[in-house]
Structure formats: C-alpha cells, structure tokens
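A short worksheet on the structure shown next.
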Amino acid sequence: MAETIQCEVAFTGGRFAAGPATCAQRHMWNLIQQRMPDSAFYNQIHWAALPPGGTLSDVREALGELVGRHESLRTVYQVGGDGGLRQRVIRSGSFTVGTVKAADEADVWRVIDAWGEDTRRVAFDHAVDLPFRAAIVCRDGEPVQVALCVSHMAADLMGLRVLEAEIARLSAARAEGRAADPPPEFRQPLEQAAFEGSERGLRLLARAGRYWDEQLAGMPATMFPGAAAVPESALPPFHSAVLESRAVALALPVLAERYRAGSSAVLLAVVSVLLGRRGGLRRCGLRLLAANRTEGVLRGTVANLHQEVPVTVDLSGETVADVVRSARVAAMRAYANGLYDPDQAERVVQGHERARGEHIDLSCCFNDARAVREDRPGASPATPAEIRAAMAWSTIEDDDLHEAERFFLVVHDDVPDRVRLVLGAQPQVLSPDDVRAFLLAVERLLVSLVADEMSLADCAAVAGAAVADDTWRSPRLHA
C-alpha cells in the first residue's frame, strides 16, 4: 500500500458524561467477549465519497466536528463493580487521521481495500481507544474519499450510513466557505440508556421478554437436524458466496404488490420455505436483525442500536402465499420486539433448553440490509418474460463474508438495479456447492412465482431445477 501520512485531529464535544450501557451495546459487548482475543472480528470498514473542491484541512476539520457531534465515536466502555457494562463519553482530545495518495480512480479503491484489510485486523481496546479509525484518500492532490474502520460498539450499518452522509455534508460546507447546517434532532446513546430505564422503556423490555418466551416455546431446536456435531477447531473454513441478480430486483416489487406485503417479507418467506424443505420442518426458526430505529429521534443516531431477535415462520400452509402472510406477521412482531434486555433473553433461552432437554440453535440468521426495501413510486412492473430473461445476467461467485453463525444470509442493494444475496454457512450444514445452490434456488423460486402462484409441494421441484440448469454461473459483463 502507498505511504500513509499521519496527522492528529482535535475534537471537542458538548459534555463529559457516564452511565449504563444500552441494551444493544451490551448485546454487542457480549458478542465481542465471546470472540476474544479475536475482537477485531466486529470491526467494520466503510467509506464516504467527498465533494469536489475541498482541501485536506476541510476534511480533517469535518471529521473533528463529526466526532464532537456523535458521542458514540468518543465513548469508552468498562465493566462496573456490579458487573454491569458502563459507557463513558470523553469530552475532548484528538485522534489520528491517515492520508494516502492514489494514482487514479482504480487505485483509489485499491488503496481503500488495502487500508481496510490492514486496519480491520487490529482490535480496539474499548476501555481506552476511540472506537474508530479514519484515512483520507487523495487523487491528483485532492481528497476524494474518507475510509473508516469503526467498531460495532460505536455504530451499526445504519449508523455508518449516517456518518457517510454527514462527512459529505460537513466537507461540502467547508469547501464552500459556509457554516454547516445543524443536524436533525437525534438521541445519543446515554439518552437511549436512560429511555430503556424509564417506565415506558421497561414496559417494552418486559414485553420483549414475553415475546422471546413465546418464540422459544414453538421454535425448532435446529434448522439442520442430523447435521454432524463437529468441534469448531476441526471445521473447514466458513464458506460464503454472493449472487448478484437483476431478476431478483425485478421480481420482488411484483410479488410484494401481489401479496400486499413488503419485499422483505417475500424474501423471508422464500428463504424459510427452502430451509424448511431441507430440514423437513413445518416451522422455520431464524434470527432477524432489527434496526430499532422506528422512532424519529433515532434515525440520525450514530450508535449500535441493532439487535438480533428470533422469529418463527409457519410453513404448514398450502401455498407460498400462505407462507408470505405468516412471514409478514411474524416479522412485524419480531421487529416490534427488537429492543430487548440481552441478559433476560439469555435466561429465557436457558430456561427453555432445560425444559426441553436439548440445545436450541439460534445461529440461523436473515439480515435484509437494503437501504431501500420497496420499489420507487411510478416504476412500471417488469413482465414475467423480462424477469426470466434477466436471469441470464446473474452472477455467482465466492465471497469473503465471515460470521459466527451456522447460516447467515444478507441482502444488499448497493449495486444499481440489482439485489446482492450473500450467504455464508458452516460446512457441517451447507457445503460450498450447497451454498451456491441455495442462492440460485432463491432466485429461481422468486422468478417462477412471478409467472404463477405455487404450492409448497411444487417449490421443491423448482428449487431443484436451479441446480440442474446452467447453474454455476461465473461473473459476466453486465448489459
């Protein structure tokens, strides 16, 4: 990688303060502790394009203001004497920003990739470190991108998107010599912790505890019955693949309109059908990633607010439409209970395991991470023939997703006019070929449903056809 020049950037925030951690912070803290000493597993790489005309000084000042504005970026964590996690907000200080030169546009992304690969491997010491790192990438003497490495303790994906937008706005204001617009009202993590301890917050947590109890009572013990129990040290590497599909992007709004359900519910239903078919199960048990940002004051918050909540989808109906209805209601209830006390949830799980006399496997996850989940108003729906023809341009290849799960499916919309489905699995539940076959089956089932409603019995034949056709597609040039 090109030489990185380091510079100290000062920040000043509105206050020094301390208090208990939020439920989502405690949830993430528990996950990080489970990965120790490999806590760098939860480092995230993100980037923000910079407007033209700015200087290095403009961007550095914008980053300093950003840290002063968002307390999660200047928060450290410690376990208190009572064993509870506490957060402490630092009022002022400085952080290091690197500057890297790129030769051309292609080199910009090579620089970001190399910087990210090196930086994400270095764990944060959350007791003393600011939970982020930054580098400015310059081309022809002008800053063009900011690369970020952010601990999941400080921000989730939606928080990273807020940072991306704010970096661009603050940098543009400085480049144009004007004051930046004040941010919309948002809640800081300390205020979120106070809300969770309020009368209303405690009611929500109690309701979520009851929801966990209900879900665990009816959830299958595992979605992969009969999978060999192999010690983690003896497992081959976690394998992942990515399907990039315009056909899926075209099919989802058509099916969402037909079923009067969100496209996320349609995807969840199809994934549930395929998982249930593999295991011969009448219910599908998954974890959904809840953003927990339905309140307006949380939409502009930079913090880790997401939590993973169980959901059970009923597969006992006759048609896919029946499963979509089940998935829609189940997902709505799950997201409504996305804020929960992780310690209480763990006690609920342990209680059900004792009562059932078996381990309950919750390591099967569905994450719809699309920024825009529904079709734009006014868009003309594609015809079944157009959608089927679009399959010719789908690509599938290996990916580098790594998760501490047996099955983890992520949905992205970061490629124009396409949906990216990234699936990773442990080899004792899905082989590398099975991972690819599953992704192709999702696409084939969605495309087939556009042409005609389908019984659950017919889904097996359609899913199998995805593997029997031209299948293992390699990347192609997109039309």
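In the structure tokens, each chain is lettered A, B, ... as it comes, each chain's residues begin at 1, and ligands are numbered from 1 in order of appearance.
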
Residue list (alpha helix (DSSP H), DSSP) for stretch 116-360 of chain A, as a ChimeraX atom specification: /A:116-120,157-175,189-196,199-218,246-259,263-279,320-336,342-356

Excluding A:Gly338 and its own-chain neighbours fewer than 6 positions away, which residues fall within 10 Å of it when counting only C-alpha atoms? Please give them as an mmCIF file with all heavy atoms, in the first residue's frame.
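out34.cif written:
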data_model
loop_
_atom_site.group_PDB
_atom_site.id
_atom_site.type_symbol
_atom_site.label_atom_id
_atom_site.label_comp_id
_atom_site.auth_asym_id
_atom_site.auth_seq_id
_atom_site.Cartn_x
_atom_site.Cartn_y
_atom_site.Cartn_z
ATOM 1 N N ALA A 24 -28.428 -2.610 23.297
ATOM 2 C CA ALA A 24 -27.700 -3.003 22.083
ATOM 3 C C ALA A 24 -26.196 -2.997 22.316
ATOM 4 O O ALA A 24 -25.480 -3.851 21.788
ATOM 5 C CB ALA A 24 -28.070 -2.064 20.936
ATOM 6 N N LEU A 204 -41.467 -1.908 27.485
ATOM 7 C CA LEU A 204 -41.070 -2.502 26.211
ATOM 8 C C LEU A 204 -40.150 -3.703 26.414
ATOM 9 O O LEU A 204 -40.288 -4.727 25.732
ATOM 10 C CB LEU A 204 -40.372 -1.451 25.348
ATOM 11 C CG LEU A 204 -41.240 -0.324 24.789
ATOM 12 C CD1 LEU A 204 -40.382 0.694 24.056
ATOM 13 C CD2 LEU A 204 -42.321 -0.882 23.863
ATOM 14 N N LEU A 205 -39.225 -3.587 27.356
ATOM 15 C CA LEU A 205 -38.316 -4.704 27.622
ATOM 16 C C LEU A 205 -39.063 -5.905 28.192
ATOM 17 O O LEU A 205 -38.762 -7.054 27.854
ATOM 18 C CB LEU A 205 -37.207 -4.256 28.570
ATOM 19 C CG LEU A 205 -36.265 -3.164 28.057
ATOM 20 C CD1 LEU A 205 -35.202 -2.838 29.102
ATOM 21 C CD2 LEU A 205 -35.607 -3.575 26.750
ATOM 22 N N ALA A 208 -40.835 -7.559 25.364
ATOM 23 C CA ALA A 208 -39.890 -8.317 24.546
ATOM 24 C C ALA A 208 -39.507 -9.626 25.223
ATOM 25 O O ALA A 208 -39.332 -10.652 24.550
ATOM 26 C CB ALA A 208 -38.642 -7.475 24.276
ATOM 27 N N TYR A 211 -42.153 -11.996 24.508
ATOM 28 C CA TYR A 211 -42.058 -12.418 23.101
ATOM 29 C C TYR A 211 -41.010 -13.521 22.945
ATOM 30 O O TYR A 211 -41.250 -14.527 22.270
ATOM 31 C CB TYR A 211 -41.709 -11.208 22.225
ATOM 32 C CG TYR A 211 -41.387 -11.592 20.795
ATOM 33 C CD1 TYR A 211 -42.409 -11.794 19.868
ATOM 34 C CD2 TYR A 211 -40.074 -11.764 20.374
ATOM 35 C CE1 TYR A 211 -42.123 -12.168 18.555
ATOM 36 C CE2 TYR A 211 -39.776 -12.131 19.072
ATOM 37 C CZ TYR A 211 -40.804 -12.336 18.171
ATOM 38 O OH TYR A 211 -40.518 -12.713 16.880
ATOM 39 N N LEU A 288 -33.750 -12.410 13.054
ATOM 40 C CA LEU A 288 -33.764 -11.232 12.203
ATOM 41 C C LEU A 288 -32.938 -10.144 12.860
ATOM 42 O O LEU A 288 -32.897 -10.040 14.093
ATOM 43 C CB LEU A 288 -35.191 -10.717 11.994
ATOM 44 C CG LEU A 288 -36.207 -11.685 11.399
ATOM 45 C CD1 LEU A 288 -37.539 -10.960 11.196
ATOM 46 C CD2 LEU A 288 -35.713 -12.256 10.083
ATOM 47 N N LEU A 289 -32.289 -9.303 12.060
ATOM 48 C CA LEU A 289 -31.563 -8.167 12.598
ATOM 49 C C LEU A 289 -32.493 -6.964 12.601
ATOM 50 O O LEU A 289 -32.897 -6.477 11.538
ATOM 51 C CB LEU A 289 -30.300 -7.873 11.781
ATOM 52 C CG LEU A 289 -29.062 -8.637 12.256
ATOM 53 C CD1 LEU A 289 -29.186 -10.122 11.957
ATOM 54 C CD2 LEU A 289 -27.797 -8.088 11.613
ATOM 55 N N ALA A 290 -32.866 -6.535 13.797
ATOM 56 C CA ALA A 290 -33.784 -5.403 13.965
ATOM 57 C C ALA A 290 -32.970 -4.122 14.091
ATOM 58 O O ALA A 290 -32.093 -4.013 14.954
ATOM 59 C CB ALA A 290 -34.654 -5.612 15.200
ATOM 60 N N ALA A 291 -33.265 -3.128 13.255
ATOM 61 C CA ALA A 291 -32.534 -1.863 13.284
ATOM 62 C C ALA A 291 -32.879 -1.033 14.513
ATOM 63 O O ALA A 291 -32.066 -0.235 14.978
ATOM 64 C CB ALA A 291 -32.818 -1.065 12.015
ATOM 65 N N ASN A 292 -34.102 -1.177 15.032
ATOM 66 C CA ASN A 292 -34.552 -0.448 16.236
ATOM 67 C C ASN A 292 -34.457 1.069 16.047
ATOM 68 O O ASN A 292 -34.030 1.799 16.944
ATOM 69 C CB ASN A 292 -33.747 -0.887 17.464
ATOM 70 C CG ASN A 292 -34.064 -2.307 17.884
ATOM 71 O OD1 ASN A 292 -35.170 -2.799 17.669
ATOM 72 N ND2 ASN A 292 -33.095 -2.996 18.460
ATOM 73 N N ARG A 293 -34.898 1.546 14.873
ATOM 74 C CA ARG A 293 -34.849 2.986 14.589
ATOM 75 C C ARG A 293 -36.201 3.508 14.132
ATOM 76 O O ARG A 293 -36.278 4.441 13.327
ATOM 77 C CB ARG A 293 -33.792 3.276 13.522
ATOM 78 C CG ARG A 293 -32.361 3.071 14.010
ATOM 79 C CD ARG A 293 -31.351 3.270 12.896
ATOM 80 N NE ARG A 293 -29.995 2.962 13.357
ATOM 81 C CZ ARG A 293 -29.107 3.886 13.721
ATOM 82 N NH1 ARG A 293 -29.421 5.168 13.688
ATOM 83 N NH2 ARG A 293 -27.903 3.533 14.123
ATOM 84 N N LEU A 305 -27.449 0.220 17.482
ATOM 85 C CA LEU A 305 -28.805 0.053 18.009
ATOM 86 C C LEU A 305 -29.398 -1.295 17.614
ATOM 87 O O LEU A 305 -30.427 -1.678 18.155
ATOM 88 C CB LEU A 305 -29.707 1.182 17.484
ATOM 89 C CG LEU A 305 -29.362 2.599 17.943
ATOM 90 C CD1 LEU A 305 -30.238 3.617 17.221
ATOM 91 C CD2 LEU A 305 -29.540 2.737 19.452
ATOM 92 N N HIS A 306 -28.779 -1.987 16.667
ATOM 93 C CA HIS A 306 -29.389 -3.214 16.168
ATOM 94 C C HIS A 306 -29.256 -4.341 17.186
ATOM 95 O O HIS A 306 -28.301 -4.414 17.947
ATOM 96 C CB HIS A 306 -28.756 -3.622 14.824
ATOM 97 C CG HIS A 306 -27.736 -4.700 14.946
ATOM 98 N ND1 HIS A 306 -26.426 -4.469 15.278
ATOM 99 C CD2 HIS A 306 -27.848 -6.044 14.777
ATOM 100 C CE1 HIS A 306 -25.763 -5.609 15.310
ATOM 101 N NE2 HIS A 306 -26.589 -6.580 15.010
ATOM 102 N N GLN A 307 -30.273 -5.203 17.197
ATOM 103 C CA GLN A 307 -30.233 -6.445 17.973
ATOM 104 C C GLN A 307 -30.852 -7.555 17.143
ATOM 105 O O GLN A 307 -31.621 -7.302 16.221
ATOM 106 C CB GLN A 307 -30.981 -6.279 19.307
ATOM 107 C CG GLN A 307 -30.272 -5.352 20.283
ATOM 108 C CD GLN A 307 -30.984 -5.267 21.627
ATOM 109 O OE1 GLN A 307 -31.790 -4.389 21.861
ATOM 110 N NE2 GLN A 307 -30.681 -6.222 22.513
ATOM 111 N N GLU A 308 -30.511 -8.779 17.486
ATOM 112 C CA GLU A 308 -30.956 -9.934 16.715
ATOM 113 C C GLU A 308 -32.079 -10.617 17.486
ATOM 114 O O GLU A 308 -31.889 -11.031 18.632
ATOM 115 C CB GLU A 308 -29.779 -10.874 16.477
ATOM 116 C CG GLU A 308 -28.681 -10.213 15.657
ATOM 117 C CD GLU A 308 -27.345 -10.911 15.778
ATOM 118 O OE1 GLU A 308 -27.315 -12.019 16.350
ATOM 119 O OE2 GLU A 308 -26.339 -10.348 15.320
ATOM 120 N N VAL A 309 -33.222 -10.728 16.837
ATOM 121 C CA VAL A 309 -34.432 -11.180 17.524
ATOM 122 C C VAL A 309 -34.968 -12.432 16.833
ATOM 123 O O VAL A 309 -34.935 -12.532 15.608
ATOM 124 C CB VAL A 309 -35.474 -10.038 17.543
ATOM 125 C CG1 VAL A 309 -35.841 -9.617 16.136
ATOM 126 C CG2 VAL A 309 -36.705 -10.421 18.336
ATOM 127 N N PRO A 310 -35.452 -13.425 17.600
ATOM 128 C CA PRO A 310 -35.942 -14.662 16.972
ATOM 129 C C PRO A 310 -37.284 -14.462 16.285
ATOM 130 O O PRO A 310 -38.103 -13.632 16.694
ATOM 131 C CB PRO A 310 -36.060 -15.630 18.158
ATOM 132 C CG PRO A 310 -36.285 -14.743 19.342
ATOM 133 C CD PRO A 310 -35.515 -13.502 19.077
ATOM 134 N N MET A 332 -43.184 -8.547 11.478
ATOM 135 C CA MET A 332 -43.666 -7.317 12.123
ATOM 136 C C MET A 332 -43.597 -7.441 13.639
ATOM 137 O O MET A 332 -43.172 -6.515 14.339
ATOM 138 C CB MET A 332 -45.099 -7.012 11.672
ATOM 139 C CG MET A 332 -45.208 -6.530 10.239
ATOM 140 S SD MET A 332 -46.924 -6.303 9.709
ATOM 141 C CE MET A 332 -47.472 -5.030 10.831
#

- request: With a distance cut-off of 8 Å and only C-alpha atoms, select the neighbouring residues of stretch 71-86 of chain A, excluding the residue or stretch itself and same-chain residues fewer than 3 positions from it, and output the selection as a PyMOL selection string.
  value: chain A and resi 13+18-21+26+67-68+89-91+126-132+154-155+188-189+302-303

Output N, CA and C atoms for every residue in that selection, as a short mmCIF file (atom, residue, chain, number, x, y, z; two decimals), in the first residue's frame.
data_model
loop_
_atom_site.label_atom_id
_atom_site.label_comp_id
_atom_site.auth_asym_id
_atom_site.auth_seq_id
_atom_site.Cartn_x
_atom_site.Cartn_y
_atom_site.Cartn_z
N GLY A 13 -16.41 17.92 22.30
CA GLY A 13 -17.84 17.65 22.35
C GLY A 13 -18.53 18.50 23.39
N ALA A 18 -21.11 9.87 31.92
CA ALA A 18 -21.01 8.42 32.05
C ALA A 18 -22.34 7.86 32.51
N GLY A 19 -22.57 6.59 32.21
CA GLY A 19 -23.80 5.95 32.62
C GLY A 19 -23.83 4.51 32.16
N PRO A 20 -24.94 3.83 32.41
CA PRO A 20 -25.04 2.43 31.99
C PRO A 20 -25.07 2.31 30.47
N ALA A 21 -24.64 1.16 29.98
CA ALA A 21 -24.69 0.88 28.54
C ALA A 21 -26.12 0.59 28.11
N ARG A 26 -24.74 -3.67 25.18
CA ARG A 26 -24.47 -4.88 25.98
C ARG A 26 -24.55 -6.13 25.12
N VAL A 67 -16.82 13.90 15.21
CA VAL A 67 -16.56 13.22 16.48
C VAL A 67 -17.13 14.03 17.64
N GLY A 68 -17.03 15.36 17.56
CA GLY A 68 -17.63 16.16 18.61
C GLY A 68 -19.14 16.03 18.66
N VAL A 89 -18.33 8.93 28.11
CA VAL A 89 -18.14 9.82 26.98
C VAL A 89 -17.00 10.79 27.29
N ILE A 90 -16.01 10.82 26.40
CA ILE A 90 -14.87 11.73 26.54
C ILE A 90 -15.23 13.07 25.89
N ARG A 91 -14.97 14.17 26.61
CA ARG A 91 -15.39 15.47 26.08
C ARG A 91 -14.46 15.98 24.99
N HIS A 126 -11.49 -1.32 23.93
CA HIS A 126 -12.66 -0.48 24.17
C HIS A 126 -12.63 0.25 25.51
N ALA A 127 -11.68 -0.10 26.37
CA ALA A 127 -11.55 0.61 27.65
C ALA A 127 -10.81 1.93 27.49
N VAL A 128 -9.99 2.06 26.42
CA VAL A 128 -9.17 3.27 26.28
C VAL A 128 -9.21 3.88 24.88
N ASP A 129 -9.49 3.09 23.84
CA ASP A 129 -9.41 3.59 22.46
C ASP A 129 -10.70 4.26 22.03
N LEU A 130 -10.59 5.36 21.25
CA LEU A 130 -11.75 5.80 20.50
C LEU A 130 -12.10 4.69 19.52
N PRO A 131 -13.41 4.40 19.34
CA PRO A 131 -13.78 3.18 18.61
C PRO A 131 -13.85 3.33 17.09
N PHE A 132 -12.96 4.15 16.54
CA PHE A 132 -12.94 4.28 15.09
C PHE A 132 -11.56 4.75 14.63
N ALA A 154 -19.65 1.09 18.33
CA ALA A 154 -19.92 2.51 18.09
C ALA A 154 -21.00 2.75 17.06
N ALA A 155 -21.18 1.83 16.12
CA ALA A 155 -22.15 2.06 15.05
C ALA A 155 -22.55 0.75 14.40
N GLN A 188 -28.61 10.54 21.67
CA GLN A 188 -27.29 9.99 21.95
C GLN A 188 -27.45 8.68 22.74
N PRO A 189 -26.43 7.80 22.72
CA PRO A 189 -26.54 6.53 23.42
C PRO A 189 -26.86 6.66 24.91
N VAL A 302 -25.85 7.96 15.47
CA VAL A 302 -24.69 7.12 15.18
C VAL A 302 -24.42 6.30 16.42
N ALA A 303 -24.76 5.04 16.37
CA ALA A 303 -24.60 4.14 17.52
C ALA A 303 -24.88 2.73 17.03
#

Within 9 Å of stretch 161-176 of chain A: each stretch 63-126 of chain A residue with its shortest pair, only C-alpha atoms, as a tab-separated table:
residue	atom	partner	partner_atom	distance
A:Leu63	CA	A:Ile167	CA	6.9
A:Glu65	CA	A:Leu170	CA	8.2
A:Leu66	CA	A:Ile167	CA	7.3

message: My list of candidates is A:Pro182, A:Gly285, A:Gly159, A:Gly98. Which is closest to A:Gln44 when distances are computed with only C-alpha atoms?
response: A:Gly159

- prompt: What does the distance between atom CA of A:Ile360 and atom CA of A:His412 come to in Å, to one decimal place?
  reply: 28.6 Å

message: Here is a test: counting only C-alpha atoms, which residue of A:Ser455, A:Gln215, A:Thr222, A:Gln426 is nearest to A:Val311?
response: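 Of A:Ser455, A:Gln215, A:Thr222, A:Gln426, the one nearest A:Val311, counting only C-alpha atoms, is A:Gln215.
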
At a cut-off of 9 Å, using only C-alpha atoms, what residues contact A:Gly424? Leave out same-chain residues fewer than 6 positions from it and give the result as an mmCIF file with C-alpha atoms, in the first residue's frame.
data_model
loop_
_atom_site.group_PDB
_atom_site.id
_atom_site.type_symbol
_atom_site.label_atom_id
_atom_site.label_comp_id
_atom_site.auth_asym_id
_atom_site.auth_seq_id
_atom_site.Cartn_x
_atom_site.Cartn_y
_atom_site.Cartn_z
ATOM 1 C CA PHE A 238 -16.797 -20.884 6.851
ATOM 2 C CA HIS A 239 -17.769 -20.661 3.172
ATOM 3 C CA SER A 240 -19.736 -17.851 1.535
ATOM 4 C CA ALA A 241 -20.920 -16.890 -1.924
ATOM 5 C CA VAL A 242 -22.665 -13.892 -3.454
ATOM 6 C CA ASP A 399 -17.351 -14.127 -1.209
ATOM 7 C CA ASP A 400 -15.443 -13.229 1.953
ATOM 8 C CA LEU A 401 -18.362 -12.970 4.408
ATOM 9 C CA HIS A 402 -17.360 -14.234 7.858
ATOM 10 C CA GLU A 403 -19.899 -14.697 10.623
ATOM 11 C CA GLU A 405 -23.193 -18.428 12.637
ATOM 12 C CA ARG A 406 -24.156 -21.722 11.040
ATOM 13 C CA PHE A 407 -26.237 -19.945 8.365
ATOM 14 C CA PHE A 408 -26.175 -16.208 7.613
ATOM 15 C CA LEU A 409 -27.970 -14.600 4.654
ATOM 16 C CA VAL A 410 -27.535 -10.880 3.961
ATOM 17 C CA LEU A 430 -24.129 -26.483 3.853
ATOM 18 C CA PRO A 432 -19.762 -24.810 -0.730
ATOM 19 C CA VAL A 435 -24.378 -22.548 -0.549
#

So that I can check the surroundings of A:Leu456, please list as a CSV table (one decimal) with N, CA, C and O atoms, in the first residue's frame every protein, DNA and RNA residue that reaches within 10 Å of it, counting only C-alpha atoms and ignoring chain neighbours fewer than 4 positions away.
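And here's out_22.csv as it stands now:
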chain,number,residue,atom,x,y,z
A,273,VAL,N,-39.1,-21.2,3.3
A,273,VAL,CA,-39.6,-22.4,2.6
A,273,VAL,C,-38.4,-23.3,2.2
A,273,VAL,O,-38.4,-24.5,2.4
A,274,LEU,N,-37.3,-22.7,1.7
A,274,LEU,CA,-36.2,-23.5,1.3
A,274,LEU,C,-35.5,-24.2,2.5
A,274,LEU,O,-35.1,-25.3,2.4
A,277,ARG,N,-37.7,-27.0,3.8
A,277,ARG,CA,-37.7,-28.1,2.9
A,277,ARG,C,-36.4,-29.0,3.2
A,277,ARG,O,-36.5,-30.2,3.2
A,315,LEU,N,-44.9,-22.9,8.2
A,315,LEU,CA,-44.7,-23.5,6.9
A,315,LEU,C,-45.8,-24.5,6.6
A,315,LEU,O,-45.7,-25.3,5.7
A,316,SER,N,-46.9,-24.5,7.4
A,316,SER,CA,-47.9,-25.5,7.3
A,316,SER,C,-49.0,-25.2,6.3
A,316,SER,O,-49.9,-26.0,6.1
A,317,GLY,N,-48.9,-24.1,5.6
A,317,GLY,CA,-49.9,-23.7,4.6
A,317,GLY,C,-49.8,-24.5,3.3
A,317,GLY,O,-48.9,-25.4,3.2
A,318,GLU,N,-50.6,-24.2,2.4
A,318,GLU,CA,-50.6,-25.0,1.1
A,318,GLU,C,-49.8,-24.3,0.1
A,318,GLU,O,-49.2,-25.0,-0.8
A,319,THR,N,-49.7,-23.0,0.1
A,319,THR,CA,-49.0,-22.2,-1.0
A,319,THR,C,-48.0,-21.3,-0.4
A,319,THR,O,-47.9,-21.0,0.8
A,320,VAL,N,-47.2,-20.7,-1.3
A,320,VAL,CA,-46.2,-19.7,-0.9
A,320,VAL,C,-46.9,-18.5,-0.4
A,320,VAL,O,-46.4,-17.9,0.6
A,321,ALA,N,-48.0,-18.2,-0.9
A,321,ALA,CA,-48.8,-17.0,-0.4
A,321,ALA,C,-49.1,-17.2,1.1
A,321,ALA,O,-49.1,-16.2,1.8
A,322,ASP,N,-49.4,-18.4,1.5
A,322,ASP,CA,-49.7,-18.7,2.9
A,322,ASP,C,-48.4,-18.4,3.7
A,322,ASP,O,-48.5,-17.8,4.8
A,323,VAL,N,-47.3,-18.8,3.2
A,323,VAL,CA,-46.0,-18.5,4.0
A,323,VAL,C,-45.7,-17.0,4.0
A,323,VAL,O,-45.2,-16.5,5.0
A,460,ALA,N,-40.2,-27.6,-4.3
A,460,ALA,CA,-39.0,-28.5,-4.3
A,460,ALA,C,-38.5,-28.7,-5.7
A,460,ALA,O,-37.3,-28.7,-5.9
A,461,ALA,N,-39.4,-28.9,-6.6
A,461,ALA,CA,-39.0,-29.2,-8.0
A,461,ALA,C,-38.4,-27.9,-8.6
A,461,ALA,O,-37.4,-28.0,-9.3
